[in-house]
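**Student:** Can you read through this structure? Questions will come right after.
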Amino acid sequence: MGDKVQTLAYGSWPSPIDAALAAAHDGHPEFVGFVGDEAWWTEPRPTEGGRRTLVRRTADGTEASVLPAPWNVRSRVMEYGGQPWAGVLRDTGPFVVFVNFADQRLYGFEPGGEPRPLTPVSPVGGGLRWVDPMPHPERDEVWCVLEEFTGEGPTDVRRVVAAVPLDGSAAEDRGAVRELTDDSRRFVTCPRLSPDGRRAAWLAWDHPRMPWDGTSLLVAEVTGDGRLGTPRPVAGGPEESVAQVDWAGDGTLVYSSDTTGYWNLYRLDPDHPDPDRLDPDGGGRTALCAREEEFGGPLWKVGWRWFALLEGGLVAVIHGRGATALGVLDLETGQVVDAAGPWTEFAPSLAVRGGRVLGIGASPRSAYEVVELDAATGDARVIGAAHDDPVDPSHYPEPQIRSFLGPAGREIHAHVYPPHNPGCVAFSTELPPYVVWAHGGPTSRAPLVLDLAIAYFTSRGIGVAEVNYGGSTGYGREYRNRLREQWGVVDVEDCAAVALALADEGTADRTRLAIRGGSAGGWTAAVSLTATDVYACGTILYPILDLANWGSGETHDFESRYLESLVGSLAEEPMRYAERSPTEHADRITAPFLLLQGLDDVICPPAQCERFLARLDERRVPHAYLAFEGEGHGFRRAETMVRVLEAELSLYAQVFGLNPPGIPTLELAK
């Protein structure tokens with residue numbers, strides 16, 4: 001006989017998923033790669049100051065961290081970073097180059113030895129930073145994207161493709177770094193050398209565009225002195241986003257472009273006189289798998305990979321619409337065969353060797369884990385960071401994939417997680433409280449995967465609705481472009497439409513709705529509290545609150561002109577910036593809120609929160625402001641995440657009249 005089911009009020013259900021458990025499982029493996037036949041990847045260590053370590057899986061299946069604390073394998077290029085390591089197999093064993101977070105130097109490392117620096121430190125501004133290393137041992141160098149600060153300001157920066165000697169000669173000598181391109185383009189990514197070594201391809205774009213708006217695919221000859229000649233664009237443009245490029249063995253280019261409205265794969269002969277012409281015979285640009293789904297995504301991190309070329313005319317692909325699968329595309333037939341397994345989402349990281357494919361997959365019942373796919377047989381298995389249920393999985397939420405109608409009848413995608421606990425039910429006369437989660441980006445998407453932070457709430461009797469509002473990726477360019485000049489409008493309307501629909505259909509309690517979000521989602525949460533009366537309270541994490549200051553020097557270079565597409569030009573639309581900014585309308589807030597901020601955040605700096613709170617003046621709105629030393633944009637330390645989750649739950653308990661057991665009371669200022 002099982003335990004008796006208790007009847008308890010929503011929000012007071014006892015749960016085995018406490019904040020410490022959720023914090024310990026925050027983050028996931030990233031950046032898979034092969035070193036010889038071995039699979040390697042990075043993994044978070046929340047209890048070790050939030051660092052990321054490098055893990056190798058040896059031939060006998062053993063997983064081990066190869067770098068002890070305080071080594072932290074993470075790049076800061078464009079602040080969001082990207083591929084921070086790469087490795088090759090030498091006669092003496094594995095050799096790896098990686099970026100160390102603390103000093104942003106590139107290091108060479110052989111297991112059993114000590115990492116040795118390959119690049120120097122710069123005392124200027126944010127220093128020298130590196131990302132997406134591609135070792136070329138035959139040249140005794142590694143190609144990277146170099147980000148170099150030329151002054152103290154966040155936009156005093158240049159970016160080039162550079163070659164770093166592997167012998168360590170540049171460790172104290174900036175002049176030993178060979179710059180392969182000039183700095184005429186503001187952003188460069190994805191430098192790839194052709195198989196014959198004669199050409200290079202890379203992506204570039206300039207302000208005010210973001211990489212999902214418009215990028216250029218450039219090709220240049222490798223000159224006699226090893227530099228790159230004059231680049232010429234062969235694909236992309238102001239309204240075409242190329243997300244990734246690679247060389248095929250025959251010297252053609254394969255790339256992901258959204259020219260038709262979805263990121264699809266194309267092959268292109270860079271020598272063809274009219275490369276832009278779609279040519280089914282293969283002369284110019286050939287569509288490899290034309291579908292209304294994504295074979296690419298928003299390039300938030302340099303070196304993200306949605307495809308990888310295999311032998312024999314096959315391509316490993318991450319693809320889907322509103323979700324992603326790992327599959328193998330046959331270039332001859334245009335057919336994709338997906339890996340069988342429980343995974344409903346794959347992170348944009350791929351590596352291939354022979355017929356082996358490495359990816360990172362997750363599902364609503366399992367966190368992200370390293371998956372290996374055999375391209376020949378279609379068999380897939382977990383080989384690393386395997387999900388291990390820390391509690392009985394019957395306590396996990398059971399999500400529903402839903403669509404809702406928003407203003408003007410537009411479709412809104414969402415994942416709804418009703419309250420769920422196998423040992424508890426609520427009183428039949430009670431409707432549950434719900435928290436609407438707005439994802440960051442905003443050009444991003446909430447994936448349908450197991451998140452113990454969501455389970456922390458649903459297992460206590462609080463529902464969660466993740467809204468992929470207009471502007472989210474995964475549904476094509478038209479859906480993504482809904483947010484153009486409409487940020488603070490469409491996202492807010494879509495979240496409210498989902499919240500009210502849940503209430504209208506009897507799923508949620510209309511009087512107990514909350515909103516929460518981080519970064520761009522923090523903006524959406526804050527605007528929702530100042531511009532609507534839908535929510536009884538809100539949780540705002542490391543947000544944008546003041547558009548005019550954020551868009552004129554208060555954030556980092558990558559997003560410094562992002563608002564021109566999201567809101568409009570500040571010079572031409574100053575009133576729009578003022579009308580939408582929560583800081584300008586703090587006097588409208590009546591709902592209690594929790595504001596959470598990292599003091600080392602250079603993307604959404606603490607000054608945004610401080611100005612917002614100052615504008616509250618003497619108004620008696622219950623609120624709390626928790627600021628965390630040593631935390632940047634997105635919390636990484638276990639102790640921080642515990643405090644955040646418990647504070648958030650306490651806010652809901654006080655506002656909604658809940659009684660969760662064992663939770664410290666958050667002091668709300670009035």
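Each chain in the structure tokens gets a letter, A, B and so on, in the order shown; residues start at 1 in every chain, and ligands are counted from 1 in the order they appear.
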Got a sec to tell me which of region 425-534 of chain A DSSP assigns to strand (DSSP E), as a list in words?

**Tutor:**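 Selection result, strand (DSSP E) within region 425-534 of chain A: Val425, Tyr434, Val435, Val436, Trp437, Ala438, Gly463, Val464, Ala465, Glu466, Val467, Asn468, Leu513, Ala514, Ile515, Arg516, Gly517 and Gly518 of chain A.
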
**Student:** For region 116-126 of chain A, please output as a list in words all residues within 6 Å (counting only C-alpha atoms; exclusion window: fewer than 4 positions along the same chain).

**Tutor:**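 In the requested format, the answer is Arg105, Leu106, Tyr107, Gly108, Phe149, Gly151, Glu152, Gly168, Ala170, Ala171 and Glu172 of chain A.
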
**Student:** Need to verify the contact set: region 302-311 of chain A, 7 Å, only C-alpha atoms, exclusion of same-chain residues closer than 2 positions in sequence. Can you return it as a VMD selection string?

**Tutor:** chain A and resid 81 to 83 131 to 132 189 to 190 244 248 295 to 296 299 to 300 313 to 318 348 to 352 354 to 355

**Student:** So which residues touch Ala24 (chain A) within 12 Å, counting only C-alpha atoms, skipping near sequence neighbours fewer than 2 positions away, as a list in words?

**Tutor:** Ile17, Asp18, Ala19, Ala20, Leu21, Ala22, Asp26, Gly27, His28, Pro44, Arg45, Pro46, Thr47, Glu48, Gly49, Gly50, Pro390, Asp451, Leu452, Ala453, Arg636, Arg637, Ala638, Glu639, Thr640, Met641 and Val642 of chain A

**Student:** Produce a table with one row for each residue of region 79-174 of chain A that has an atom at most 10 Å from any atom of region 219-239 of chain A, each row naming the nearest atom pair and its distance in Å at one decimal; use only C-alpha atoms; arrange rows by chain and rising residue number; format as CSV.

**Tutor:**
residue,atom,partner,partner_atom,distance
A:Arg139,CA,A:Gly226,CA,9.3
A:Val161,CA,A:Leu228,CA,9.5
A:Ala162,CA,A:Arg227,CA,9.3
A:Ala163,CA,A:Arg227,CA,9.2

**Student:** Would you put the residues from that selection into a file with C-alpha atoms, as a compact mmCIF listing (two decimals), in the first residue's frame?

**Tutor:**
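Result went into result19.txt, see below:
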# COMPACT_ATOMS: atom_id res chain seq x y z
CA ARG A 139 50.72 25.08 -38.56
CA VAL A 161 40.32 36.38 -36.35
CA ALA A 162 43.78 35.62 -34.95
CA ALA A 163 46.34 32.82 -34.87

**Student:** Set out as JSON lines a contact list for region 161-272 of chain A and region 472-489 of chain A with a cut-off of 9 Å, giving each residue of region 161-272 of chain A that qualifies its closest atom pair and distance in Å to one decimal, counting only C-alpha atoms, ordered by chain and rising residue number.

**Tutor:**
{"residue": "A:Trp212", "atom": "CA", "partner": "A:Arg477", "partner_atom": "CA", "distance": 8.9}
{"residue": "A:Asp258", "atom": "CA", "partner": "A:Arg477", "partner_atom": "CA", "distance": 7.3}
{"residue": "A:Thr260", "atom": "CA", "partner": "A:Arg477", "partner_atom": "CA", "distance": 8.7}
{"residue": "A:Gly261", "atom": "CA", "partner": "A:Arg477", "partner_atom": "CA", "distance": 4.9}
{"residue": "A:Tyr262", "atom": "CA", "partner": "A:Gly476", "partner_atom": "CA", "distance": 4.9}
{"residue": "A:Trp263", "atom": "CA", "partner": "A:Gly476", "partner_atom": "CA", "distance": 7.6}

**Student:** Please save N, CA, C and O atoms of the selected residues as an mmCIF file, in the first residue's frame.

**Tutor:**
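Output below, filename part22.cif:
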data_model
loop_
_atom_site.group_PDB
_atom_site.id
_atom_site.type_symbol
_atom_site.label_atom_id
_atom_site.label_comp_id
_atom_site.auth_asym_id
_atom_site.auth_seq_id
_atom_site.Cartn_x
_atom_site.Cartn_y
_atom_site.Cartn_z
ATOM 1 N N TRP A 212 21.058 37.417 -35.354
ATOM 2 C CA TRP A 212 19.823 36.814 -35.881
ATOM 3 C C TRP A 212 19.082 37.763 -36.812
ATOM 4 O O TRP A 212 18.082 37.383 -37.391
ATOM 5 N N ASP A 258 18.583 31.775 -42.773
ATOM 6 C CA ASP A 258 17.126 31.921 -42.660
ATOM 7 C C ASP A 258 16.545 32.728 -43.822
ATOM 8 O O ASP A 258 15.516 33.380 -43.673
ATOM 9 N N THR A 260 14.751 31.982 -46.233
ATOM 10 C CA THR A 260 13.358 31.670 -46.567
ATOM 11 C C THR A 260 12.423 31.861 -45.378
ATOM 12 O O THR A 260 11.229 31.571 -45.479
ATOM 13 N N GLY A 261 12.951 32.336 -44.244
ATOM 14 C CA GLY A 261 12.120 32.516 -43.054
ATOM 15 C C GLY A 261 12.395 31.512 -41.965
ATOM 16 O O GLY A 261 11.944 31.688 -40.828
ATOM 17 N N TYR A 262 13.127 30.450 -42.282
ATOM 18 C CA TYR A 262 13.574 29.468 -41.294
ATOM 19 C C TYR A 262 15.052 29.199 -41.548
ATOM 20 O O TYR A 262 15.503 29.191 -42.700
ATOM 21 N N TRP A 263 15.803 28.948 -40.468
ATOM 22 C CA TRP A 263 17.199 28.566 -40.655
ATOM 23 C C TRP A 263 17.248 27.171 -41.264
ATOM 24 O O TRP A 263 16.941 26.173 -40.603
#

**Student:** Using only C-alpha atoms, which protein or nucleic acid residues come within 12 Å of Glu610 (chain A)? Drop anything in the same chain fewer than 5 positions from it, and give the result as a VMD selection string.

**Tutor:** chain A and resid 542 to 546 583 586 595 to 597 599 604 to 605 615 to 617 625 to 627

**Student:** Have a look at CA of Arg186 (chain A) and CA of Gly634 (chain A) and let me know their distance in Å, one decimal.

**Tutor:**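 Going from CA of Arg186 (chain A) over to CA of Gly634 (chain A), I get 25.4 Å.
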
**Student:** So which bits of region 381-542 of chain A end up helix (DSSP H, G or I) when you DSSP the backbone, as a VMD selection string?

**Tutor:** chain A and resid 393 to 395 407 to 409 452 to 458 477 to 483 490 to 504 520 to 531

**Student:** If we count only C-alpha atoms, what is near Pro582 (chain A) at a cut-off of 9 Å, once residues fewer than 5 positions away on the same chain are taken out, given as a PyMOL selection string?

**Tutor:** chain A and resi 523+526-531+544-547+588-589+612

**Student:** Using all heavy atoms, can you export the residues from the last selection as a short mmCIF file (atom, residue, chain, number, x, y, z; two decimals), in the first residue's frame?

**Tutor:**
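The result, stored in again36.cif:
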data_model
loop_
_atom_site.label_atom_id
_atom_site.label_comp_id
_atom_site.auth_asym_id
_atom_site.auth_seq_id
_atom_site.Cartn_x
_atom_site.Cartn_y
_atom_site.Cartn_z
N TRP A 523 12.95 42.41 -17.52
CA TRP A 523 12.30 43.58 -18.13
C TRP A 523 10.82 43.32 -18.32
O TRP A 523 9.97 44.13 -17.93
CB TRP A 523 12.98 43.89 -19.46
CG TRP A 523 12.11 44.59 -20.46
CD1 TRP A 523 11.33 44.00 -21.41
CD2 TRP A 523 11.94 46.00 -20.63
NE1 TRP A 523 10.69 44.95 -22.17
CE2 TRP A 523 11.04 46.19 -21.70
CE3 TRP A 523 12.47 47.11 -19.98
CZ2 TRP A 523 10.65 47.45 -22.14
CZ3 TRP A 523 12.08 48.37 -20.42
CH2 TRP A 523 11.19 48.54 -21.48
N ALA A 526 9.02 43.38 -15.05
CA ALA A 526 8.90 44.73 -14.48
C ALA A 526 7.88 45.57 -15.25
O ALA A 526 7.06 46.27 -14.64
CB ALA A 526 10.26 45.42 -14.48
N VAL A 527 7.92 45.51 -16.58
CA VAL A 527 6.93 46.27 -17.37
C VAL A 527 5.53 45.75 -17.07
O VAL A 527 4.57 46.53 -16.97
CB VAL A 527 7.23 46.18 -18.88
CG1 VAL A 527 6.15 46.89 -19.69
CG2 VAL A 527 8.60 46.78 -19.19
N SER A 528 5.40 44.44 -16.90
CA SER A 528 4.09 43.86 -16.60
C SER A 528 3.52 44.40 -15.29
O SER A 528 2.30 44.59 -15.16
CB SER A 528 4.20 42.33 -16.52
OG SER A 528 4.56 41.78 -17.77
N LEU A 529 4.39 44.67 -14.32
CA LEU A 529 3.93 45.20 -13.03
C LEU A 529 3.60 46.69 -13.12
O LEU A 529 2.74 47.18 -12.38
CB LEU A 529 4.97 44.96 -11.95
CG LEU A 529 5.24 43.49 -11.58
CD1 LEU A 529 6.26 43.41 -10.46
CD2 LEU A 529 3.97 42.77 -11.18
N THR A 530 4.27 47.41 -14.02
CA THR A 530 4.00 48.85 -14.13
C THR A 530 2.89 49.16 -15.13
O THR A 530 2.28 50.22 -15.07
CB THR A 530 5.27 49.63 -14.55
OG1 THR A 530 5.76 49.11 -15.78
CG2 THR A 530 6.35 49.53 -13.49
N ALA A 531 2.62 48.24 -16.06
CA ALA A 531 1.71 48.56 -17.16
C ALA A 531 0.42 47.75 -17.15
O ALA A 531 -0.48 48.02 -17.95
CB ALA A 531 2.42 48.34 -18.50
N ILE A 544 16.73 44.65 -17.14
CA ILE A 544 16.81 45.96 -17.77
C ILE A 544 15.59 46.74 -17.29
O ILE A 544 14.46 46.24 -17.38
CB ILE A 544 16.81 45.84 -19.30
CG1 ILE A 544 18.02 45.03 -19.77
CG2 ILE A 544 16.79 47.21 -19.97
CD1 ILE A 544 17.91 44.54 -21.19
N LEU A 545 15.80 47.93 -16.77
CA LEU A 545 14.70 48.72 -16.21
C LEU A 545 14.63 50.13 -16.78
O LEU A 545 13.60 50.78 -16.70
CB LEU A 545 14.83 48.80 -14.68
CG LEU A 545 14.73 47.46 -13.93
CD1 LEU A 545 15.17 47.63 -12.49
CD2 LEU A 545 13.33 46.90 -14.01
N ASP A 546 15.76 50.59 -17.32
CA ASP A 546 15.88 51.98 -17.77
C ASP A 546 16.45 51.95 -19.18
O ASP A 546 17.66 51.84 -19.38
CB ASP A 546 16.80 52.71 -16.79
CG ASP A 546 17.15 54.12 -17.22
OD1 ASP A 546 16.71 54.55 -18.29
OD2 ASP A 546 17.88 54.79 -16.46
N LEU A 547 15.59 52.04 -20.18
CA LEU A 547 16.01 51.87 -21.57
C LEU A 547 17.02 52.92 -22.01
O LEU A 547 18.01 52.60 -22.67
CB LEU A 547 14.80 51.92 -22.50
CG LEU A 547 13.82 50.75 -22.46
CD1 LEU A 547 12.68 51.01 -23.44
CD2 LEU A 547 14.52 49.45 -22.81
N ARG A 588 3.73 53.63 -10.61
CA ARG A 588 2.54 52.87 -10.96
C ARG A 588 2.49 51.50 -10.28
O ARG A 588 1.45 50.84 -10.31
CB ARG A 588 2.48 52.65 -12.48
CG ARG A 588 2.34 53.93 -13.30
CD ARG A 588 2.31 53.57 -14.77
NE ARG A 588 2.28 54.75 -15.63
CZ ARG A 588 2.39 54.69 -16.97
NH1 ARG A 588 2.54 53.52 -17.57
NH2 ARG A 588 2.37 55.80 -17.68
N ILE A 589 3.61 51.09 -9.71
CA ILE A 589 3.64 49.75 -9.12
C ILE A 589 2.86 49.74 -7.82
O ILE A 589 3.09 50.55 -6.92
CB ILE A 589 5.10 49.29 -8.86
CG1 ILE A 589 5.77 48.95 -10.19
CG2 ILE A 589 5.14 48.08 -7.95
CD1 ILE A 589 7.03 48.15 -10.08
N PHE A 612 15.81 52.44 -10.16
CA PHE A 612 14.41 52.02 -10.08
C PHE A 612 13.90 52.12 -8.64
O PHE A 612 12.82 52.67 -8.38
CB PHE A 612 14.29 50.59 -10.59
CG PHE A 612 12.92 49.99 -10.49
CD1 PHE A 612 11.89 50.41 -11.31
CD2 PHE A 612 12.66 48.97 -9.58
CE1 PHE A 612 10.63 49.83 -11.22
CE2 PHE A 612 11.41 48.40 -9.48
CZ PHE A 612 10.39 48.83 -10.31
#

**Student:** Grab the CA of Ala340 (chain A) to CA of Ala380 (chain A) distance for me, in Å with one decimal place.

**Tutor:**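 CA of Ala340 (chain A) sits 6.6 Å away from CA of Ala380 (chain A).
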
**Student:** So that I can see what lies close to Arg512 (chain A), please list as a list in words the residues with an atom at most 7 Å from it, counting only C-alpha atoms and leaving out residues fewer than 4 positions away in the same chain.

**Tutor:**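 The filter keeps Pro433, Tyr434, Ala536 and Phe656 of chain A.
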
**Student:** Any chance you can output those residues with C-alpha atoms as a short mmCIF file (atom, residue, chain, number, x, y, z; two decimals), in the first residue's frame?

**Tutor:**
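Output file result07.cif follows:
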data_model
loop_
_atom_site.label_atom_id
_atom_site.label_comp_id
_atom_site.auth_asym_id
_atom_site.auth_seq_id
_atom_site.Cartn_x
_atom_site.Cartn_y
_atom_site.Cartn_z
CA PRO A 433 -1.71 30.08 -7.85
CA TYR A 434 0.34 30.35 -11.05
CA ALA A 536 -0.56 40.12 -7.65
CA PHE A 656 -0.97 34.48 -1.92
#

**Student:** From the options A:Pro298, A:Asp37, A:Ala339, A:Val425, which residue's atoms come nearest to Gly378 (chain A), counting only C-alpha atoms?

**Tutor:**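 Closest to Gly378 (chain A) of all the choices is A:Ala339.
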
**Student:** Name the closest residue to Ala508 (chain A) among the candidates A:Ala548, A:Val157, A:Asp533, A:Gly463; distances are taken between atoms, counting only C-alpha atoms.

**Tutor:**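 Among the listed residues, A:Gly463 lies closest to Ala508 (chain A).
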
**Student:** Determine the nearest neighbour of Leu594 (chain A) from the options A:Phe628, A:Leu541, A:Glu572, A:Pro342, counting only C-alpha atoms.

**Tutor:**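 That would be A:Leu541, the residue with the smallest distance to Leu594 (chain A).
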
**Student:** Using only C-alpha atoms, which of A:Leu450, A:Arg321, A:Leu128, A:Gln104 sits nearest Arg365 (chain A)?

**Tutor:**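 Closest residue, counting only C-alpha atoms: A:Leu450.
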
**Student:** Rounded to one decimal place, report the CA of Gly630 (chain A)-CA of Ser444 (chain A) distance in Å.

**Tutor:**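 Computing the Euclidean distance for CA of Gly630 (chain A) and CA of Ser444 (chain A) yields 25.7 Å.
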
**Student:** So which one's closest to Leu253 (chain A), A:Glu430, A:Asp206, A:Asp91, A:Asp271? Using only C-alpha atoms, please.

**Tutor:**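 Once distances to Leu253 (chain A) are computed over only C-alpha atoms, the minimum belongs to A:Asp271.
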